[in-house]
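**Student:** Structure: upload.cif, mmCIF, C-alpha atoms and all ligand atoms.
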```
data_upload
loop_
_atom_site.label_atom_id
_atom_site.label_comp_id
_atom_site.auth_asym_id
_atom_site.auth_seq_id
_atom_site.Cartn_x
_atom_site.Cartn_y
_atom_site.Cartn_z
CA MET A 1 0.00 0.00 0.00
CA ILE A 2 1.25 3.41 -0.93
CA LEU A 3 0.69 6.98 0.07
CA GLY A 4 1.02 9.29 -2.92
CA GLU A 5 -0.08 12.89 -2.57
CA LEU A 6 0.02 14.34 0.92
CA THR A 7 -1.16 17.71 2.20
CA VAL A 8 -0.57 18.87 5.77
CA ARG A 9 -1.96 22.07 7.23
CA ASP A 10 -1.31 23.57 10.69
CA LEU A 11 0.30 20.51 12.23
CA ARG A 12 2.83 21.58 14.92
CA CYS A 13 5.36 23.84 13.17
CA ILE A 14 4.10 22.97 9.67
CA GLU A 15 1.81 25.67 8.37
CA GLN A 16 1.26 24.15 4.97
CA ALA A 17 3.05 21.35 3.12
CA GLU A 18 2.23 19.54 -0.09
CA LEU A 19 4.31 16.64 -1.23
CA SER A 20 4.19 13.75 -3.58
CA LEU A 21 5.74 10.66 -2.05
CA HIS A 22 7.54 7.95 -3.99
CA PRO A 23 6.32 4.33 -3.63
CA GLY A 24 9.84 3.36 -2.59
CA ARG A 25 12.31 5.17 -0.33
CA ASN A 26 11.57 8.75 0.69
CA LEU A 27 14.10 10.72 2.66
CA VAL A 28 13.06 13.72 4.75
CA TRP A 29 16.04 15.66 6.04
CA GLY A 30 16.51 18.80 8.08
CA GLY A 31 18.01 20.16 11.29
CA ASN A 32 16.75 19.71 14.83
CA GLY A 33 13.30 21.15 15.32
CA SER A 34 12.72 21.66 11.59
CA GLY A 35 9.54 19.53 11.53
CA LYS A 36 10.63 16.05 10.37
CA THR A 37 8.89 14.09 13.11
CA SER A 38 5.86 16.38 12.79
CA LEU A 39 5.57 15.38 9.14
CA LEU A 40 5.67 11.69 10.11
CA GLU A 41 3.01 12.33 12.75
CA GLY A 42 0.82 13.76 9.99
CA ILE A 43 1.26 10.61 7.89
CA PHE A 44 0.59 8.37 10.89
CA LEU A 45 -2.53 10.37 11.72
CA LEU A 46 -3.93 9.57 8.28
CA GLY A 47 -3.80 5.83 8.90
CA ARG A 48 -4.41 5.67 12.64
CA GLY A 49 -6.36 8.75 13.63
CA ARG A 50 -3.81 9.59 16.32
CA SER A 51 -0.14 10.47 16.80
CA PHE A 52 2.61 8.06 17.86
CA ARG A 53 4.12 10.75 20.12
CA THR A 54 1.18 11.87 22.22
CA ARG A 55 -2.19 10.59 23.32
CA ASN A 56 -3.42 14.14 23.26
CA SER A 57 -4.10 14.94 19.60
CA GLU A 58 -4.90 18.59 20.15
CA ARG A 59 -1.21 19.13 20.93
CA LEU A 60 -0.61 18.57 17.23
CA VAL A 61 -2.60 21.64 16.26
CA ARG A 62 -0.30 24.54 15.43
CA HIS A 63 -0.18 27.19 18.13
CA GLY A 64 -2.76 29.91 17.51
CA GLN A 65 -4.86 27.72 15.18
CA GLU A 66 -8.16 25.96 15.81
CA ARG A 67 -7.60 22.86 13.74
CA LEU A 68 -5.19 20.88 11.63
CA VAL A 69 -5.94 18.98 8.46
CA VAL A 70 -4.08 16.14 6.78
CA PHE A 71 -5.15 14.85 3.42
CA GLY A 72 -3.72 12.00 1.37
CA ARG A 73 -4.28 9.72 -1.58
CA THR A 74 -3.54 6.07 -1.01
CA GLU A 75 -3.31 3.35 -3.59
CA GLY A 76 -2.55 -0.29 -3.55
CA ALA A 77 -3.29 -3.89 -4.23
CA GLY A 78 -3.71 -6.56 -1.58
CA ILE A 79 -6.99 -7.67 -0.04
CA GLN A 80 -8.95 -4.84 -1.63
CA GLY A 81 -8.08 -5.88 -5.17
CA SER A 82 -5.66 -4.03 -7.40
CA GLY A 83 -5.59 -0.51 -8.62
CA TRP A 84 -7.87 1.11 -6.05
CA VAL A 85 -7.30 4.68 -4.99
CA HIS A 86 -8.71 6.34 -1.88
CA ALA A 87 -8.83 9.90 -0.66
CA VAL A 88 -8.33 10.05 3.10
CA GLY A 89 -8.68 13.16 5.23
CA VAL A 90 -8.26 13.68 8.96
CA GLU A 91 -9.04 16.84 10.85
CA VAL A 92 -8.17 17.50 14.48
CA HIS A 93 -10.13 20.32 16.02
CA ARG A 94 -9.05 21.72 19.39
CA ARG A 95 -12.51 21.50 20.92
CA GLU A 96 -14.38 19.12 18.67
CA GLY A 97 -11.82 16.34 18.50
CA THR A 98 -10.82 14.18 15.54
CA ARG A 99 -12.90 13.59 12.44
CA ALA A 100 -12.01 11.55 9.41
CA ARG A 101 -13.31 11.30 5.87
CA LEU A 102 -12.85 8.58 3.33
CA ASP A 103 -13.57 9.37 -0.31
CA GLY A 104 -15.56 12.40 0.78
CA SER A 105 -17.80 10.71 3.36
CA PRO A 106 -17.39 10.78 7.15
CA VAL A 107 -16.02 7.49 8.51
CA GLY A 108 -17.84 5.73 11.32
CA SER A 109 -14.74 4.37 13.02
CA LEU A 110 -11.04 4.98 12.75
CA ALA A 111 -10.65 1.30 11.83
CA ASP A 112 -11.80 2.27 8.34
CA LEU A 113 -8.71 4.45 7.99
CA SER A 114 -6.43 1.63 9.03
CA ARG A 115 -7.92 -0.57 6.34
CA VAL A 116 -7.18 1.79 3.46
CA PHE A 117 -3.91 3.13 4.83
CA PRO A 118 -1.99 0.74 7.08
CA VAL A 119 0.99 2.58 8.53
CA GLN A 120 3.59 1.64 11.11
CA VAL A 121 6.40 3.60 12.73
CA ILE A 122 9.83 2.91 14.19
CA ASP A 123 10.99 5.91 16.17
CA PRO A 124 13.48 6.64 18.96
CA GLU A 125 10.80 5.85 21.56
CA ILE A 126 10.19 2.33 20.25
CA HIS A 127 12.08 0.75 23.19
CA LYS A 128 9.03 1.66 25.30
CA LEU A 129 7.32 -1.33 23.74
CA ILE A 130 9.66 -3.42 25.91
CA GLU A 131 10.18 -1.04 28.81
CA GLU A 132 6.61 -0.03 29.62
CA GLY A 133 3.52 -1.89 30.80
CA GLY A 134 1.14 -4.04 28.80
CA ARG A 135 -0.83 -1.27 27.09
CA ARG A 136 1.65 -0.68 24.28
CA ARG A 137 2.19 -4.37 23.64
CA ARG A 138 -1.56 -4.96 23.55
CA ARG A 139 -1.92 -2.22 21.01
CA TRP A 140 0.99 -3.60 19.00
CA LEU A 141 -0.62 -7.03 18.91
CA ASP A 142 -4.09 -5.68 18.18
CA TRP A 143 -2.96 -3.75 15.15
CA ALA A 144 -1.79 -7.03 13.60
CA VAL A 145 -4.91 -8.90 14.74
CA PHE A 146 -7.05 -6.18 13.20
CA HIS A 147 -5.45 -6.74 9.79
CA VAL A 148 -5.67 -10.53 10.02
CA GLU A 149 -9.18 -10.90 11.51
CA PRO A 150 -11.65 -8.47 9.91
CA ARG A 151 -14.22 -8.89 12.72
CA PHE A 152 -11.78 -7.93 15.46
CA ALA A 153 -12.45 -4.16 15.43
CA ASP A 154 -16.18 -4.74 15.85
CA TRP A 155 -15.67 -7.18 18.73
CA TRP A 156 -13.34 -4.77 20.46
CA VAL A 157 -15.72 -1.81 20.20
CA ARG A 158 -18.63 -3.90 21.52
CA TYR A 159 -16.47 -5.32 24.30
CA GLY A 160 -15.49 -1.81 25.44
CA ARG A 161 -19.12 -0.70 25.44
CA ALA A 162 -20.27 -3.74 27.45
CA MET A 163 -17.47 -3.21 29.96
CA ARG A 164 -18.36 0.42 30.53
CA GLN A 165 -21.96 -0.62 31.13
CA ARG A 166 -20.94 -3.40 33.50
CA ASN A 167 -18.71 -0.98 35.42
CA ALA A 168 -21.62 1.43 35.77
CA VAL A 169 -23.79 -1.37 37.18
CA LEU A 170 -20.98 -2.45 39.54
CA ARG A 171 -20.97 1.01 41.07
CA THR A 172 -24.68 0.70 41.89
CA ARG A 173 -23.86 -2.53 43.83
CA SER A 174 -27.15 -4.01 42.70
CA GLY A 175 -25.44 -7.23 41.63
CA ALA A 176 -27.28 -7.05 38.30
CA THR A 177 -24.26 -7.50 36.03
CA LYS A 178 -25.41 -10.79 34.53
CA PRO A 179 -26.44 -9.56 31.04
CA TRP A 180 -23.13 -7.73 30.71
CA ASP A 181 -21.17 -10.72 31.99
CA VAL A 182 -22.70 -12.83 29.23
CA GLU A 183 -21.84 -10.26 26.55
CA LEU A 184 -18.32 -9.72 27.92
CA THR A 185 -17.66 -13.42 28.06
CA ALA A 186 -18.75 -14.08 24.49
CA LEU A 187 -16.76 -11.17 23.03
CA GLY A 188 -13.80 -11.52 25.40
CA GLU A 189 -13.21 -15.15 24.53
CA ARG A 190 -13.32 -14.35 20.80
CA ILE A 191 -10.93 -11.41 21.16
CA SER A 192 -8.57 -13.48 23.21
CA GLU A 193 -8.62 -16.41 20.82
CA ALA A 194 -7.94 -14.13 17.84
CA ARG A 195 -4.96 -12.60 19.64
CA ARG A 196 -3.59 -15.97 20.66
CA ALA A 197 -3.85 -17.29 17.10
CA VAL A 198 -2.09 -14.25 15.62
CA LEU A 199 0.68 -14.36 18.20
CA GLU A 200 1.23 -18.01 17.41
CA GLN A 201 1.43 -17.29 13.68
CA MET A 202 3.90 -14.56 14.45
CA GLN A 203 6.29 -16.74 16.47
CA PRO A 204 8.30 -18.15 13.54
CA HIS A 205 8.72 -14.64 12.09
CA TRP A 206 9.72 -13.35 15.49
CA HIS A 207 12.44 -16.00 15.92
CA GLU A 208 13.79 -15.42 12.42
CA VAL A 209 13.86 -11.66 12.65
CA ALA A 210 15.32 -11.64 16.16
CA ALA A 211 18.12 -13.93 15.02
CA ALA A 212 18.74 -11.86 11.88
CA LEU A 213 18.98 -8.68 13.96
CA ASP A 214 21.30 -10.40 16.44
CA CYS A 215 18.93 -9.48 19.23
CA PRO A 216 18.97 -11.54 22.46
CA ALA A 217 16.84 -14.66 22.23
CA ALA A 218 13.54 -14.12 24.00
CA GLU A 219 10.23 -15.86 24.41
CA LEU A 220 7.00 -14.10 23.57
CA GLN A 221 4.36 -15.31 25.95
CA TYR A 222 0.68 -14.58 25.94
CA PHE A 223 -1.18 -13.53 29.04
CA ARG A 224 -4.83 -13.25 28.09
CA GLY A 225 -5.94 -11.07 31.02
CA TRP A 226 -7.29 -13.67 33.40
CA GLY A 227 -6.07 -16.90 35.00
CA ALA A 228 -5.16 -19.80 32.74
CA GLN A 229 -7.23 -22.31 34.74
CA HIS A 230 -10.55 -20.54 34.35
CA SER A 231 -13.00 -19.51 31.69
CA LEU A 232 -13.70 -15.80 31.44
CA ALA A 233 -17.18 -16.40 32.87
CA GLU A 234 -15.62 -18.00 35.96
CA ALA A 235 -13.03 -15.26 36.30
CA LEU A 236 -15.72 -12.55 36.13
CA GLU A 237 -17.78 -14.39 38.71
CA SER A 238 -14.93 -14.84 41.16
CA SER A 239 -13.63 -11.28 40.85
CA ARG A 240 -17.07 -9.72 41.35
CA PRO A 241 -16.56 -8.70 45.02
CA ARG A 242 -13.31 -6.95 44.12
CA ASP A 243 -14.91 -5.45 41.01
CA GLU A 244 -17.80 -4.07 43.06
CA ALA A 245 -15.46 -2.61 45.66
CA ARG A 246 -13.51 -0.72 43.00
CA GLY A 247 -16.22 -0.19 40.41
CA VAL A 248 -14.07 -1.68 37.62
CA THR A 249 -13.79 -5.01 35.83
CA HIS A 250 -10.49 -6.69 36.65
CA ALA A 251 -10.56 -9.82 34.49
CA GLY A 252 -10.65 -9.79 30.71
CA PRO A 253 -8.74 -9.14 27.49
CA HIS A 254 -8.39 -5.43 28.35
CA ARG A 255 -5.75 -6.68 30.83
CA ALA A 256 -3.90 -8.88 28.34
CA ASP A 257 -0.14 -8.62 27.86
CA VAL A 258 2.66 -10.17 25.87
CA PRO A 259 5.37 -10.53 28.51
CA ILE A 260 8.82 -10.89 26.98
CA ARG A 261 11.38 -12.93 28.87
CA VAL A 262 15.09 -13.42 28.35
CA ASP A 263 16.41 -16.44 30.24
CA GLY A 264 13.27 -16.39 32.36
CA LYS A 265 13.65 -12.73 33.35
CA LEU A 266 11.55 -9.84 32.07
CA ALA A 267 13.33 -8.24 29.11
CA ARG A 268 12.94 -4.71 30.48
CA GLU A 269 14.89 -5.72 33.58
CA VAL A 270 17.88 -7.23 31.82
CA LEU A 271 18.36 -5.50 28.48
CA SER A 272 20.23 -2.28 27.69
CA ARG A 273 18.37 0.52 25.98
CA GLY A 274 19.91 -0.33 22.60
CA GLN A 275 18.99 -4.00 23.03
CA GLN A 276 15.45 -2.99 23.95
CA LYS A 277 15.28 -0.96 20.79
CA LEU A 278 16.52 -3.90 18.72
CA MET A 279 13.96 -6.16 20.33
CA ALA A 280 11.12 -3.72 19.74
CA VAL A 281 12.25 -3.36 16.12
CA ALA A 282 12.25 -7.15 15.80
CA LEU A 283 8.69 -7.29 17.16
CA THR A 284 7.56 -4.69 14.66
CA LEU A 285 9.26 -6.37 11.74
CA ALA A 286 7.85 -9.76 12.74
CA GLN A 287 4.41 -8.20 12.68
CA LEU A 288 4.97 -6.67 9.24
CA ARG A 289 6.21 -10.00 7.87
CA LEU A 290 3.13 -11.73 9.21
CA LEU A 291 0.81 -9.19 7.60
CA LYS A 292 2.55 -9.62 4.29
CA GLU A 293 2.20 -13.39 4.56
CA VAL A 294 -1.43 -13.66 5.63
CA SER A 295 -3.17 -10.60 4.27
CA GLU A 296 -0.79 -9.34 1.59
CA THR A 297 -0.73 -6.05 3.42
CA THR A 298 2.47 -4.04 3.08
CA PRO A 299 2.07 -0.99 5.29
CA THR A 300 3.91 2.26 4.77
CA LEU A 301 6.75 2.29 7.25
CA LEU A 302 7.91 5.50 8.91
CA LEU A 303 11.48 5.47 10.20
CA ASP A 304 12.21 8.41 12.47
CA ASP A 305 15.93 8.80 13.02
CA PRO A 306 16.41 5.03 12.54
CA ALA A 307 20.13 4.98 13.28
CA ALA A 308 19.70 6.35 16.82
CA GLU A 309 21.09 3.96 19.47
CA LEU A 310 22.17 1.27 16.99
CA ASP A 311 25.81 0.49 16.32
CA SER A 312 26.85 0.12 12.68
CA GLU A 313 26.71 -3.68 12.74
CA HIS A 314 23.16 -3.83 14.11
CA LEU A 315 22.06 -0.97 11.89
CA GLY A 316 23.28 -3.03 8.94
CA TYR A 317 21.13 -6.02 9.94
CA PHE A 318 18.18 -3.70 10.51
CA VAL A 319 18.48 -2.13 7.06
CA GLU A 320 18.71 -5.56 5.45
CA GLN A 321 15.51 -6.73 7.16
CA ILE A 322 13.67 -3.55 6.22
CA ALA A 323 14.69 -3.91 2.58
CA ARG A 324 13.22 -7.43 2.46
CA LEU A 325 9.77 -6.17 3.41
CA GLY A 326 9.35 -4.13 0.24
CA CYS A 327 7.36 -1.43 2.06
CA GLN A 328 7.06 2.20 1.12
CA LEU A 329 9.49 3.99 3.42
CA VAL A 330 9.61 7.52 4.79
CA ILE A 331 12.94 8.02 6.56
CA THR A 332 14.03 11.09 8.49
CA SER A 333 17.62 12.18 8.86
CA LEU A 334 19.63 15.15 10.06
CA GLN A 335 21.81 14.77 6.97
CA PRO A 336 20.89 15.03 3.29
CA GLU A 337 21.60 11.32 2.82
CA THR A 338 21.21 8.12 4.80
CA SER A 339 24.13 6.08 3.61
CA ALA A 340 22.92 3.00 5.50
CA PHE A 341 19.65 2.82 3.56
CA GLY A 342 21.15 3.35 0.11
CA ALA A 343 20.14 6.03 -2.38
CA PRO A 344 16.64 7.38 -1.70
CA ASP A 345 14.13 7.55 -4.55
CA ARG A 346 12.92 10.97 -3.47
CA VAL A 347 14.35 13.57 -1.10
CA PHE A 348 12.56 16.35 0.79
CA HIS A 349 14.17 19.09 2.81
CA VAL A 350 12.44 20.53 5.88
CA GLU A 351 13.34 23.89 7.31
CA GLN A 352 11.31 25.75 9.93
CA GLY A 353 8.22 23.75 9.10
CA ARG A 354 8.50 24.24 5.33
CA VAL A 355 8.84 21.08 3.28
CA GLY A 356 10.13 21.06 -0.25
CA PRO A 357 11.41 18.50 -2.75
CA VAL A 358 15.12 18.47 -3.40
N1 LIG A 401 1.50 22.77 18.48
C1 LIG A 401 2.60 23.31 17.96
N2 LIG A 401 2.55 24.46 17.26
C2 LIG A 401 3.67 25.01 16.73
N3 LIG A 401 4.90 24.45 16.85
C3 LIG A 401 5.00 23.32 17.53
C4 LIG A 401 3.89 22.68 18.13
N4 LIG A 401 4.30 21.55 18.75
C5 LIG A 401 5.63 21.49 18.55
N5 LIG A 401 6.06 22.54 17.83
C6 LIG A 401 7.44 22.82 17.34
O1 LIG A 401 7.65 22.10 16.15
C7 LIG A 401 9.05 22.02 15.93
C8 LIG A 401 9.35 20.77 15.12
O2 LIG A 401 9.37 19.63 15.93
P1 LIG A 401 9.77 18.21 15.33
O3 LIG A 401 9.79 17.31 16.49
O4 LIG A 401 8.93 17.85 14.18
O5 LIG A 401 11.25 18.47 14.81
P2 LIG A 401 12.30 17.45 14.19
O6 LIG A 401 12.69 17.97 12.85
O7 LIG A 401 11.78 16.08 14.23
O8 LIG A 401 13.53 17.62 15.20
P3 LIG A 401 14.62 16.56 15.76
O9 LIG A 401 15.68 16.44 14.69
O10 LIG A 401 15.17 17.26 16.95
O11 LIG A 401 13.94 15.30 16.06
C9 LIG A 401 9.69 22.13 17.30
O12 LIG A 401 10.51 23.26 17.30
C10 LIG A 401 8.50 22.32 18.25
O13 LIG A 401 8.79 23.29 19.24
MG MG A 402 12.35 14.41 15.33
#
```
Show the structure stored in the file as structure tokens.

**Tutor:**
Amino acid sequence: MILGELTVRDLRCIEQAELSLHPGRNLVWGGNGSGKTSLLEGIFLLGRGRSFRTRNSERLVRHGQERLVVFGRTEGAGIQGSGWVHAVGVEVHRREGTRARLDGSPVGSLADLSRVFPVQVIDPEIHKLIEEGGRRRRRWLDWAVFHVEPRFADWWVRYGRAMRQRNAVLRTRSGATKPWDVELTALGERISEARRAVLEQMQPHWHEVAAALDCPAAELQYFRGWGAQHSLAEALESSRPRDEARGVTHAGPHRADVPIRVDGKLAREVLSRGQQKLMAVALTLAQLRLLKEVSETTPTLLLDDPAAELDSEHLGYFVEQIARLGCQLVITSLQPETSAFGAPDRVFHVEQGRVGPV
């Protein structure tokens, strides 16, 4: 899948930018604070409806402005058939939030964006996938599950709704959670099974990529969010007193994690920052390989300052693995070339928020 034309307006320091991306390697270069990462955030926003740097989208709106707009044309083959073209637009309004349009019509859910423009990022914060709690890893896994299992997004939305309703009932302490328990159980088991299946399919890719990147050998485990000995219905039943006391649901796939262990110890406790980055990169590449294999999806891959924290040997392995994916790439750099990635197909220079072709 490819992003062609791209227009960005009032996103951080970028007042207005129009560019035409190449299906292959695009290099975006400029000094510190020129707007390189901001441009990648704009691209990511088109496919995900959010930034990879902040959970608070209104921070992306340029100071003194009410809203930002990103617009792009995507094209590709894959599951949608060949030769399709879509117009995608995302607007973030300071007070009214995020709205998206696909081919001129408002989209019901952000999942629709992900379908027409799958995009992934590797940035200097990627080690947080290893270092932080389960939320990031859940999201990492879910993005892959979403592309493999078309019903997943719907299950997840309905699960979230049922959980909010159950939590509201818990706070009344009426004990009348039964209808929501039934709904949560049905959806939760499906969500969990879909995640487990995708993680299992990913394992061979994970082992291959981790070895190719010379990253420490680690096991990816799956913790589904409740005890292994019980069904979700049983877990909900037995945690009810605690749930009522706190007014929240403790058991379920919203608590899932993919704990990563090296020699039996949690990776975040034993790996250096550079090793954590390598491992997080390996996870991401394993996911992209899986998507290519099962759904013929080749997302656009954003590489923000990819050389940071990697020595030349590991950077070499990384570049080799990236090249094998055959994805559209948008790479940022402080220099006008990235020798490691070979000659770019198209180069853009960014200076004080202005982006131009070179
Ligand atoms: N909401 C905003 N409105 C205007 N400017 C902003 C906003 N948010 C951030 N900025 C500014 O945008 C500039 C560009 O930031 P960005 O992170 O894109 O730079 P960069 O080129 O990636 O730099 P680096 O090489 O240091 O990573 C920064 O100077 C920042 O202060
Ligand atoms: Mg940056």

**Student:** Please identify all protein, DNA and RNA residues within 8 Å of ligand MG 402 (chain A), counting all atoms listed in the file, and report them as a PyMOL selection string.

**Tutor:** chain A and resi 32-33+35-38+304-305+332

**Student:** Enter the distance from atom CA of A:Ala235 to atom CA of A:Ala251, in Å, rounded to one decimal.

**Tutor:**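 Distance reported for this atom pair: 6.2 Å.
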
**Student:** Have a look at A:Gly133, A:Gly175, A:Gly30, A:Gly225 and name the one nearest to A:Arg268; count all atoms listed in the file.

**Tutor:**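 Among the listed residues, the smallest separation from A:Arg268 belongs to A:Gly133.
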
**Student:** Excluding same-chain residues fewer than 4 positions from stretch 134-151 of chain A, what lies within 7 Å of it counting only C-alpha atoms, as a list in words?

**Tutor:**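 Residues meeting the cut-off are Leu129, Trp155, Ala194, Arg195, Val198, Ala256, Asp257, Val258, Gln287, Leu291, Val294 and Ser295 of chain A.
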
**Student:** Output, as JSON, the centre and edge lengths in Å (one decimal) of the axis-aligned box that contains all listed atoms of ligand LIG 401 (chain A) with 6 Å of margin on each side.

**Tutor:**
```
{"center_x": 8.6, "center_y": 20.2, "center_z": 16.0, "size_x": 26.2, "size_y": 21.7, "size_z": 18.4}
```

**Student:** For ligand LIG 401 (chain A), which of A:Gly160, A:Gly188, A:Gly264, A:Gly42 is the closest residue, counting only C-alpha atoms and all ligand atoms?

**Tutor:**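 Once distances to ligand LIG 401 (chain A) are computed over only C-alpha atoms and all ligand atoms, the minimum belongs to A:Gly42.
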
**Student:** Counting all atoms listed in the file, name the residues that have an atom within 9 Å of an atom of ligand LIG 401 (chain A); the answer should be given as a short mmCIF file (atom, residue, chain, number, x, y, z; two decimals) with C-alpha atoms, in the frame of the given file.

**Tutor:**
```cif
data_model
loop_
_atom_site.label_atom_id
_atom_site.label_comp_id
_atom_site.auth_asym_id
_atom_site.auth_seq_id
_atom_site.Cartn_x
_atom_site.Cartn_y
_atom_site.Cartn_z
CA ASP A 10 -1.31 23.57 10.69
CA LEU A 11 0.30 20.51 12.23
CA ARG A 12 2.83 21.58 14.92
CA CYS A 13 5.36 23.84 13.17
CA ILE A 14 4.10 22.97 9.67
CA GLU A 15 1.81 25.67 8.37
CA TRP A 29 16.04 15.66 6.04
CA GLY A 30 16.51 18.80 8.08
CA GLY A 31 18.01 20.16 11.29
CA ASN A 32 16.75 19.71 14.83
CA GLY A 33 13.30 21.15 15.32
CA SER A 34 12.72 21.66 11.59
CA GLY A 35 9.54 19.53 11.53
CA LYS A 36 10.63 16.05 10.37
CA THR A 37 8.89 14.09 13.11
CA SER A 38 5.86 16.38 12.79
CA LEU A 39 5.57 15.38 9.14
CA LEU A 40 5.67 11.69 10.11
CA GLU A 41 3.01 12.33 12.75
CA GLU A 58 -4.90 18.59 20.15
CA ARG A 59 -1.21 19.13 20.93
CA LEU A 60 -0.61 18.57 17.23
CA VAL A 61 -2.60 21.64 16.26
CA ARG A 62 -0.30 24.54 15.43
CA HIS A 63 -0.18 27.19 18.13
CA GLY A 64 -2.76 29.91 17.51
CA GLN A 65 -4.86 27.72 15.18
CA ASP A 304 12.21 8.41 12.47
CA ASP A 305 15.93 8.80 13.02
CA THR A 332 14.03 11.09 8.49
CA SER A 333 17.62 12.18 8.86
CA LEU A 334 19.63 15.15 10.06
CA VAL A 350 12.44 20.53 5.88
CA GLU A 351 13.34 23.89 7.31
CA GLN A 352 11.31 25.75 9.93
CA GLY A 353 8.22 23.75 9.10
#
```

**Student:** Please indicate the distance in Å from atom CA of A:His22 to atom CA of A:Ala323, rounded to one decimal place.

**Tutor:** 15.3 Å

**Student:** Give me the residues near A:Leu302 as a PDB file with C-alpha atoms, in the frame of the given file, where near means some atom within 7 Å (using all atoms listed in the file) and where sequence neighbours in that chain fewer than 6 positions away do not count.

**Tutor:**
```
ATOM      1  CA  LEU A  40       5.670  11.690  10.110  1.00  0.00           C
ATOM      2  CA  GLN A 120       3.590   1.640  11.110  1.00  0.00           C
ATOM      3  CA  VAL A 121       6.400   3.600  12.730  1.00  0.00           C
ATOM      4  CA  ILE A 122       9.830   2.910  14.190  1.00  0.00           C
ATOM      5  CA  LEU A 329       9.490   3.990   3.420  1.00  0.00           C
ATOM      6  CA  VAL A 330       9.610   7.520   4.790  1.00  0.00           C
ATOM      7  CA  ILE A 331      12.940   8.020   6.560  1.00  0.00           C
TER       8      ILE A 331
END
```

**Student:** Give me the residues near stretch 209-212 of chain A as a list in words, where near means some atom within 10 Å (using all atoms listed in the file) and where sequence neighbours in that chain fewer than 5 positions away do not count.

**Tutor:**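 Skipping anything fewer than 5 positions along the chain leaves Gln203, Pro204, Ala217, Ala218, Leu278, Met279, Ala280, Val281, Ala282, Leu283, Thr284, Leu285, Ala286, Arg289, His314, Tyr317, Phe318, Glu320 and Gln321 of chain A.
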
**Student:** One number please: atom CA of A:Ile322 to atom CA of A:Arg55, in Å, one decimal.

**Tutor:**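 Between atom CA of A:Ile322 and atom CA of A:Arg55 the gap is 27.3 Å.
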
**Student:** May I have the residues at most 10 Å from (16.8, 9.4, -3.2) in the file's coordinates, counting all atoms listed in the file, as a PyMOL selection string?

**Tutor:** chain A and resi 22+24-28+336-338+341-348+358

**Student:** Keeping only C-alpha atoms, write the selected residues as a tab-separated table (two decimals), in the coordinates of the input.

**Tutor:**
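Dumped everything to out-v3.tsv:
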```
chain	number	residue	atom	x	y	z
A	22	HIS	CA	7.54	7.95	-3.99
A	24	GLY	CA	9.84	3.36	-2.59
A	25	ARG	CA	12.31	5.17	-0.33
A	26	ASN	CA	11.57	8.75	0.69
A	27	LEU	CA	14.10	10.72	2.66
A	28	VAL	CA	13.06	13.72	4.75
A	336	PRO	CA	20.89	15.03	3.29
A	337	GLU	CA	21.60	11.32	2.82
A	338	THR	CA	21.21	8.12	4.80
A	341	PHE	CA	19.65	2.82	3.56
A	342	GLY	CA	21.15	3.35	0.11
A	343	ALA	CA	20.14	6.03	-2.38
A	344	PRO	CA	16.64	7.38	-1.70
A	345	ASP	CA	14.13	7.55	-4.55
A	346	ARG	CA	12.92	10.97	-3.47
A	347	VAL	CA	14.35	13.57	-1.10
A	348	PHE	CA	12.56	16.35	0.79
A	358	VAL	CA	15.12	18.47	-3.40
```

**Student:** Determine the nearest neighbour of A:Leu266 from the options A:Val88, A:Gln201, A:Ser231, A:Glu132, counting all atoms listed in the file.

**Tutor:**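 The closest residue to A:Leu266 is A:Glu132.
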
**Student:** Rank nothing, just name the residue among A:Met1, A:Leu184, A:Leu288, A:Ala307 nearest to A:Arg115, using all atoms listed in the file.

**Tutor:**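 Under the stated criterion, the closest residue is A:Met1.
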
**Student:** Residues within 10 Å of (-17.0, -2.9, 43.0), file coordinates, counting all atoms listed in the file: what are they? Give the list as a PDB file with C-alpha atoms, keeping the file's coordinate frame.

**Tutor:**
```pdb
ATOM      1  CA  ASN A 167     -18.710  -0.980  35.420  1.00  0.00           C
ATOM      2  CA  ALA A 168     -21.620   1.430  35.770  1.00  0.00           C
ATOM      3  CA  VAL A 169     -23.790  -1.370  37.180  1.00  0.00           C
ATOM      4  CA  LEU A 170     -20.980  -2.450  39.540  1.00  0.00           C
ATOM      5  CA  ARG A 171     -20.970   1.010  41.070  1.00  0.00           C
ATOM      6  CA  THR A 172     -24.680   0.700  41.890  1.00  0.00           C
ATOM      7  CA  ARG A 173     -23.860  -2.530  43.830  1.00  0.00           C
ATOM      8  CA  GLY A 175     -25.440  -7.230  41.630  1.00  0.00           C
ATOM      9  CA  SER A 239     -13.630 -11.280  40.850  1.00  0.00           C
ATOM     10  CA  ARG A 240     -17.070  -9.720  41.350  1.00  0.00           C
ATOM     11  CA  PRO A 241     -16.560  -8.700  45.020  1.00  0.00           C
ATOM     12  CA  ARG A 242     -13.310  -6.950  44.120  1.00  0.00           C
ATOM     13  CA  ASP A 243     -14.910  -5.450  41.010  1.00  0.00           C
ATOM     14  CA  GLU A 244     -17.800  -4.070  43.060  1.00  0.00           C
ATOM     15  CA  ALA A 245     -15.460  -2.610  45.660  1.00  0.00           C
ATOM     16  CA  ARG A 246     -13.510  -0.720  43.000  1.00  0.00           C
ATOM     17  CA  GLY A 247     -16.220  -0.190  40.410  1.00  0.00           C
ATOM     18  CA  VAL A 248     -14.070  -1.680  37.620  1.00  0.00           C
ATOM     19  CA  THR A 249     -13.790  -5.010  35.830  1.00  0.00           C
ATOM     20  CA  HIS A 250     -10.490  -6.690  36.650  1.00  0.00           C
TER      21      HIS A 250
END
```
